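Peer 1: One file is attached below, my_file.cif, containing mmCIF, C-alpha atoms.
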data_work
#
loop_
_atom_site.group_PDB
_atom_site.id
_atom_site.type_symbol
_atom_site.label_atom_id
_atom_site.label_comp_id
_atom_site.auth_asym_id
_atom_site.auth_seq_id
_atom_site.Cartn_x
_atom_site.Cartn_y
_atom_site.Cartn_z
ATOM 1 C CA MET A 1 0.000 0.000 0.000
ATOM 2 C CA ALA A 2 1.107 3.541 -0.649
ATOM 3 C CA LEU A 3 -0.078 7.027 0.147
ATOM 4 C CA ARG A 4 -0.951 9.004 -2.975
ATOM 5 C CA ASP A 5 -1.094 12.762 -3.481
ATOM 6 C CA ILE A 6 -4.601 14.237 -3.587
ATOM 7 C CA ILE A 7 -5.114 16.786 -6.354
ATOM 8 C CA ILE A 8 -7.058 19.941 -5.545
ATOM 9 C CA ILE A 9 -9.005 22.550 -7.472
ATOM 10 C CA PRO A 10 -8.399 24.245 -9.863
ATOM 11 C CA ASP A 11 -6.692 21.086 -11.251
ATOM 12 C CA ALA A 12 -8.558 20.427 -14.519
ATOM 13 C CA ARG A 13 -8.323 16.643 -14.073
ATOM 14 C CA LEU A 14 -11.069 16.891 -11.439
ATOM 15 C CA ARG A 15 -13.476 17.746 -14.278
ATOM 16 C CA ALA A 16 -12.627 14.594 -16.251
ATOM 17 C CA VAL A 17 -15.154 11.790 -16.702
ATOM 18 C CA SER A 18 -13.502 8.608 -15.406
ATOM 19 C CA ALA A 19 -13.282 5.441 -17.482
ATOM 20 C CA PRO A 20 -15.012 2.203 -16.437
ATOM 21 C CA VAL A 21 -12.973 -0.563 -14.808
ATOM 22 C CA GLU A 22 -12.770 -3.517 -17.205
ATOM 23 C CA ARG A 23 -12.188 -6.125 -14.507
ATOM 24 C CA ILE A 24 -11.082 -6.368 -10.899
ATOM 25 C CA ASP A 25 -7.433 -7.403 -11.183
ATOM 26 C CA ASP A 26 -4.402 -6.992 -8.917
ATOM 27 C CA ASP A 27 -3.842 -3.434 -10.172
ATOM 28 C CA THR A 28 -7.430 -2.475 -9.304
ATOM 29 C CA LYS A 29 -7.132 -4.046 -5.845
ATOM 30 C CA ARG A 30 -3.826 -2.218 -5.278
ATOM 31 C CA LEU A 31 -5.499 1.042 -6.352
ATOM 32 C CA MET A 32 -8.369 0.402 -3.888
ATOM 33 C CA ASP A 33 -5.865 -0.296 -1.072
ATOM 34 C CA ASP A 34 -3.844 2.850 -1.847
ATOM 35 C CA MET A 35 -7.044 4.902 -1.983
ATOM 36 C CA LEU A 36 -8.205 3.625 1.411
ATOM 37 C CA GLU A 37 -4.803 4.341 2.970
ATOM 38 C CA THR A 38 -4.778 7.831 1.425
ATOM 39 C CA MET A 39 -8.372 8.517 2.557
ATOM 40 C CA TYR A 40 -7.709 7.433 6.156
ATOM 41 C CA ASP A 41 -4.497 9.464 6.295
ATOM 42 C CA ALA A 42 -6.151 12.661 4.985
ATOM 43 C CA PRO A 43 -8.443 12.045 7.038
ATOM 44 C CA GLY A 44 -11.563 11.631 4.936
ATOM 45 C CA ILE A 45 -14.680 9.492 4.622
ATOM 46 C CA GLY A 46 -14.607 9.062 0.851
ATOM 47 C CA LEU A 47 -12.244 9.283 -2.087
ATOM 48 C CA ALA A 48 -12.638 8.852 -5.840
ATOM 49 C CA ALA A 49 -9.710 7.611 -7.939
ATOM 50 C CA ILE A 50 -9.659 10.843 -9.955
ATOM 51 C CA GLN A 51 -8.777 12.681 -6.732
ATOM 52 C CA ILE A 52 -5.413 10.903 -6.857
ATOM 53 C CA ALA A 53 -5.197 11.621 -10.619
ATOM 54 C CA VAL A 54 -6.327 8.131 -11.709
ATOM 55 C CA PRO A 55 -9.274 8.515 -14.139
ATOM 56 C CA LYS A 56 -10.924 5.177 -13.275
ATOM 57 C CA ARG A 57 -14.415 4.596 -11.905
ATOM 58 C CA VAL A 58 -13.326 3.514 -8.420
ATOM 59 C CA VAL A 59 -14.421 4.986 -5.086
ATOM 60 C CA VAL A 60 -13.679 4.119 -1.479
ATOM 61 C CA LEU A 61 -15.749 5.069 1.563
ATOM 62 C CA ASP A 62 -15.817 4.620 5.314
ATOM 63 C CA VAL A 63 -18.356 6.596 7.323
ATOM 64 C CA ALA A 64 -17.634 4.847 10.654
ATOM 65 C CA ARG A 65 -17.341 7.379 13.449
ATOM 66 C CA GLU A 66 -14.167 7.807 15.462
ATOM 67 C CA GLY A 67 -13.845 4.958 17.969
ATOM 68 C CA GLU A 68 -16.063 2.657 15.878
ATOM 69 C CA GLU A 69 -14.779 -0.359 13.976
ATOM 70 C CA PRO A 70 -13.704 0.759 10.466
ATOM 71 C CA GLN A 71 -16.167 -0.186 7.716
ATOM 72 C CA PRO A 72 -14.170 0.277 4.492
ATOM 73 C CA LEU A 73 -16.030 -0.003 1.199
ATOM 74 C CA ALA A 74 -14.325 -0.211 -2.195
ATOM 75 C CA LEU A 75 -16.560 0.069 -5.263
ATOM 76 C CA ALA A 76 -15.722 -0.158 -8.954
ATOM 77 C CA ASN A 77 -18.092 1.254 -11.588
ATOM 78 C CA PRO A 78 -20.644 2.396 -9.000
ATOM 79 C CA GLU A 79 -23.921 3.787 -10.293
ATOM 80 C CA ILE A 80 -27.026 4.986 -8.518
ATOM 81 C CA VAL A 81 -29.973 2.844 -9.629
ATOM 82 C CA TRP A 82 -32.575 4.376 -7.281
ATOM 83 C CA PHE A 83 -32.992 7.709 -5.479
ATOM 84 C CA SER A 84 -35.510 8.364 -2.704
ATOM 85 C CA PRO A 85 -37.967 11.212 -3.327
ATOM 86 C CA GLU A 86 -37.193 12.695 0.099
ATOM 87 C CA MET A 87 -34.166 14.946 0.350
ATOM 88 C CA ARG A 88 -31.691 15.658 3.140
ATOM 89 C CA VAL A 89 -29.147 18.426 3.707
ATOM 90 C CA TYR A 90 -25.627 17.615 4.890
ATOM 91 C CA GLN A 91 -22.667 19.910 5.294
ATOM 92 C CA GLU A 92 -20.175 18.544 2.768
ATOM 93 C CA GLY A 93 -16.457 19.006 2.406
ATOM 94 C CA CYS A 94 -14.004 17.566 -0.092
ATOM 95 C CA LEU A 95 -10.376 16.522 0.113
ATOM 96 C CA SER A 96 -9.901 18.221 -3.274
ATOM 97 C CA ILE A 97 -11.335 21.493 -1.899
ATOM 98 C CA PRO A 98 -9.589 21.573 1.492
ATOM 99 C CA GLU A 99 -11.139 23.344 4.462
ATOM 100 C CA TYR A 100 -14.277 24.473 2.633
ATOM 101 C CA PHE A 101 -17.668 23.229 3.799
ATOM 102 C CA GLU A 102 -21.153 23.995 2.517
ATOM 103 C CA ASP A 103 -24.676 22.626 2.938
ATOM 104 C CA VAL A 104 -25.781 20.466 0.000
ATOM 105 C CA GLU A 105 -29.221 18.934 -0.528
ATOM 106 C CA ARG A 106 -29.321 15.439 -2.011
ATOM 107 C CA PRO A 107 -31.677 12.451 -1.979
ATOM 108 C CA ALA A 108 -31.817 11.017 1.560
ATOM 109 C CA ARG A 109 -31.548 7.376 0.446
ATOM 110 C CA VAL A 110 -30.050 5.680 -2.597
ATOM 111 C CA ARG A 111 -29.365 2.250 -4.016
ATOM 112 C CA ALA A 112 -26.078 1.729 -5.865
ATOM 113 C CA ARG A 113 -24.920 -1.116 -8.089
ATOM 114 C CA TYR A 114 -21.179 -1.759 -8.349
ATOM 115 C CA LEU A 115 -18.416 -4.325 -8.736
ATOM 116 C CA GLY A 116 -16.994 -5.469 -5.430
ATOM 117 C CA ARG A 117 -13.367 -6.216 -4.718
ATOM 118 C CA ASP A 118 -14.093 -9.854 -5.621
ATOM 119 C CA GLY A 119 -15.437 -8.845 -9.048
ATOM 120 C CA ALA A 120 -19.050 -9.708 -8.184
ATOM 121 C CA VAL A 121 -21.903 -7.338 -9.037
ATOM 122 C CA ARG A 122 -23.390 -6.054 -5.788
ATOM 123 C CA GLU A 123 -26.024 -3.602 -4.611
ATOM 124 C CA LEU A 124 -25.855 -1.292 -1.629
ATOM 125 C CA ASP A 125 -28.772 0.467 0.041
ATOM 126 C CA ALA A 126 -27.548 3.610 1.751
ATOM 127 C CA ASP A 127 -29.076 6.359 3.836
ATOM 128 C CA GLY A 128 -27.812 9.208 5.969
ATOM 129 C CA LEU A 129 -24.157 10.134 5.660
ATOM 130 C CA LEU A 130 -23.339 7.034 3.586
ATOM 131 C CA ALA A 131 -25.949 8.012 0.961
ATOM 132 C CA THR A 132 -24.513 11.536 0.799
ATOM 133 C CA ALA A 133 -20.899 10.341 0.582
ATOM 134 C CA LEU A 134 -21.773 7.794 -2.106
ATOM 135 C CA GLN A 135 -23.473 10.449 -4.264
ATOM 136 C CA HIS A 136 -20.572 12.859 -3.674
ATOM 137 C CA GLU A 137 -17.971 10.282 -4.793
ATOM 138 C CA ILE A 138 -19.968 9.096 -7.818
ATOM 139 C CA ASP A 139 -20.261 12.768 -8.840
ATOM 140 C CA HIS A 140 -16.433 12.891 -8.904
ATOM 141 C CA LEU A 141 -16.413 10.046 -11.446
ATOM 142 C CA ASN A 142 -18.471 12.279 -13.735
ATOM 143 C CA GLY A 143 -16.339 15.395 -13.247
ATOM 144 C CA VAL A 144 -18.857 16.965 -10.849
ATOM 145 C CA LEU A 145 -17.769 18.647 -7.602
ATOM 146 C CA PHE A 146 -19.974 19.284 -4.570
ATOM 147 C CA ILE A 147 -19.622 23.020 -5.165
ATOM 148 C CA ASP A 148 -21.575 22.489 -8.393
ATOM 149 C CA HIS A 149 -24.614 21.939 -6.142
ATOM 150 C CA ILE A 150 -24.351 25.332 -4.399
ATOM 151 C CA SER A 151 -25.110 28.852 -5.597
ATOM 152 C CA ARG A 152 -23.048 30.231 -8.466
ATOM 153 C CA LEU A 153 -21.859 33.139 -6.333
ATOM 154 C CA LYS A 154 -20.478 30.869 -3.584
ATOM 155 C CA ARG A 155 -18.976 28.503 -6.160
ATOM 156 C CA GLU A 156 -17.191 31.315 -8.012
ATOM 157 C CA ARG A 157 -15.894 32.760 -4.726
ATOM 158 C CA VAL A 158 -14.307 29.477 -3.583
ATOM 159 C CA TRP A 159 -12.951 28.730 -7.077
ATOM 160 C CA LYS A 160 -11.220 32.150 -7.250
ATOM 161 C CA LYS A 161 -9.698 31.594 -3.808
ATOM 162 C CA PHE A 162 -8.128 28.303 -4.924
ATOM 163 C CA VAL A 163 -6.972 29.741 -8.266
ATOM 164 C CA LYS A 164 -5.144 32.509 -6.354
ATOM 165 C CA ALA A 165 -3.627 29.978 -3.936
ATOM 166 C CA ALA A 166 -2.433 27.799 -6.843
ATOM 167 C CA ARG A 167 -0.884 30.847 -8.505
ATOM 168 C CA ARG A 168 0.916 31.804 -5.267
ATOM 169 C CA GLU A 169 2.235 28.264 -4.879
ATOM 170 C CA ALA A 170 3.394 28.153 -8.523
ATOM 171 C CA GLU A 171 5.311 31.379 -7.913
ATOM 172 C CA GLY A 172 7.093 29.751 -4.963
ATOM 173 C CA GLY A 173 5.018 31.320 -2.222
ATOM 174 C CA PRO A 174 4.061 29.688 1.075
ATOM 175 C CA HIS A 175 2.281 26.335 0.935
ATOM 176 C CA ALA A 176 -1.309 27.386 0.366
ATOM 177 C CA HIS A 177 -3.122 24.370 1.786
ATOM 178 C CA PRO A 178 -2.266 23.276 5.335
ATOM 179 C CA HIS A 179 -3.261 19.808 6.533
ATOM 180 C CA HIS A 180 -6.987 19.601 7.298
ATOM 181 C CA ASP A 181 -8.415 18.531 10.657
ATOM 182 C CA GLU A 182 -11.946 17.791 9.465
ATOM 183 C CA ARG A 183 -12.895 14.530 7.807
ATOM 184 C CA GLU A 184 -13.785 15.348 4.222
ATOM 185 C CA MET A 185 -15.043 13.378 1.236
#
Give the structure from the file, written as structure tokens.

Peer 2:
Amino acid sequence: MALRDIIIIPDARLRAVSAPVERIDDDTKRLMDDMLETMYDAPGIGLAAIQIAVPKRVVVLDVAREGEEPQPLALANPEIVWFSPEMRVYQEGCLSIPEYFEDVERPARVRARYLGRDGAVRELDADGLLATALQHEIDHLNGVLFIDHISRLKRERVWKKFVKAARREAEGGPHAHPHHDEREM
């Protein structure tokens, strides 16, 4: 297993649509393991492969609370096959948009179909934080960021902030993004 670097906005790769996984092989399993290690280290509750600059349809999640037994999930080619009509608002954050949090409304419950680590097709019924995190990570696979679900004004404000920080860093200025304390997706 290896820690991977997480890319952050305005990196254009975050807008890429990720390619499907052909089969679960050793490389895919190694990617899943590296993603979990990277997510836990961040610390976060979800990570999409594109966030470590790998444009494959793979996500990892673990919404266990601190002190609880870890419940890692690794999903290849996940897709939402059912959304509940009722909605729920959660404050979301993202490891690719460090230290920025905003309320986002999404369906409260979802059902996802995916390939498990063993290559079998599986379904997962999710509600609460898991449902939110799952939708957030699947959005990443389609080049969608959680800030796309907030007002244009707020989105433009945060985008400009990160563009300026990236410019400062490129010019050799101070490191613009300190380590985050919050658990982000």

Peer 1: Taking all atoms of range 32-40 of chain A that appear in the file, build a box with edges along x, y and z, extend it by 4 Å on every side, and state its centre and edge lengths in Å to one decimal, as JSON.

Peer 2:
{"center_x": -6.1, "center_y": 4.1, "center_z": 1.1, "size_x": 12.5, "size_y": 16.8, "size_z": 18.0}

Peer 1: Name the residues that the PyMOL selection byres ((chain A and resi 10) around 6) picks from the file above, as a count of residues only, using the file's chain letters and numbers.

Peer 2: 3

Peer 1: I'd like to know which of A:Ala76, A:Ala48, A:Met87, A:Met185 is closest to Asp25 in chain A, using only C-alpha atoms.

Peer 2: A:Ala76

Peer 1: Calculated over all atoms listed in the file, which of the candidates A:Gln51, A:Val110, A:Glu37, A:Glu102 has the smallest distance to Ile147 in chain A?

Peer 2: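 Looking only at the distances to Ile147 in chain A, the closest residue turns out to be A:Glu102.
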
Peer 1: Between CA of Glu105 in chain A and CA of Arg88 in chain A, measure the distance and give it in Å to one decimal.

Peer 2: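 We find that CA of Glu105 in chain A and CA of Arg88 in chain A lie 5.5 Å from each other.
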
Peer 1: For the file shown, report as a ChimeraX atom specification the outcome of the PyMOL selection byres ((chain A and resi 63) around 6) at residue level.

Peer 2: /A:45,62,64

Peer 1: Evaluate the PyMOL selection byres ((chain A and resi 3) around 7) on the structure here and hand back the selected residues as a count of residues only.

Peer 2: 6

Peer 1: Nearest to Val54 in chain A: which of A:Ile6, A:His136, A:Arg111, A:Asn77 is it, counting only C-alpha atoms?

Peer 2: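 Closest to Val54 in chain A of all the choices is A:Ile6.
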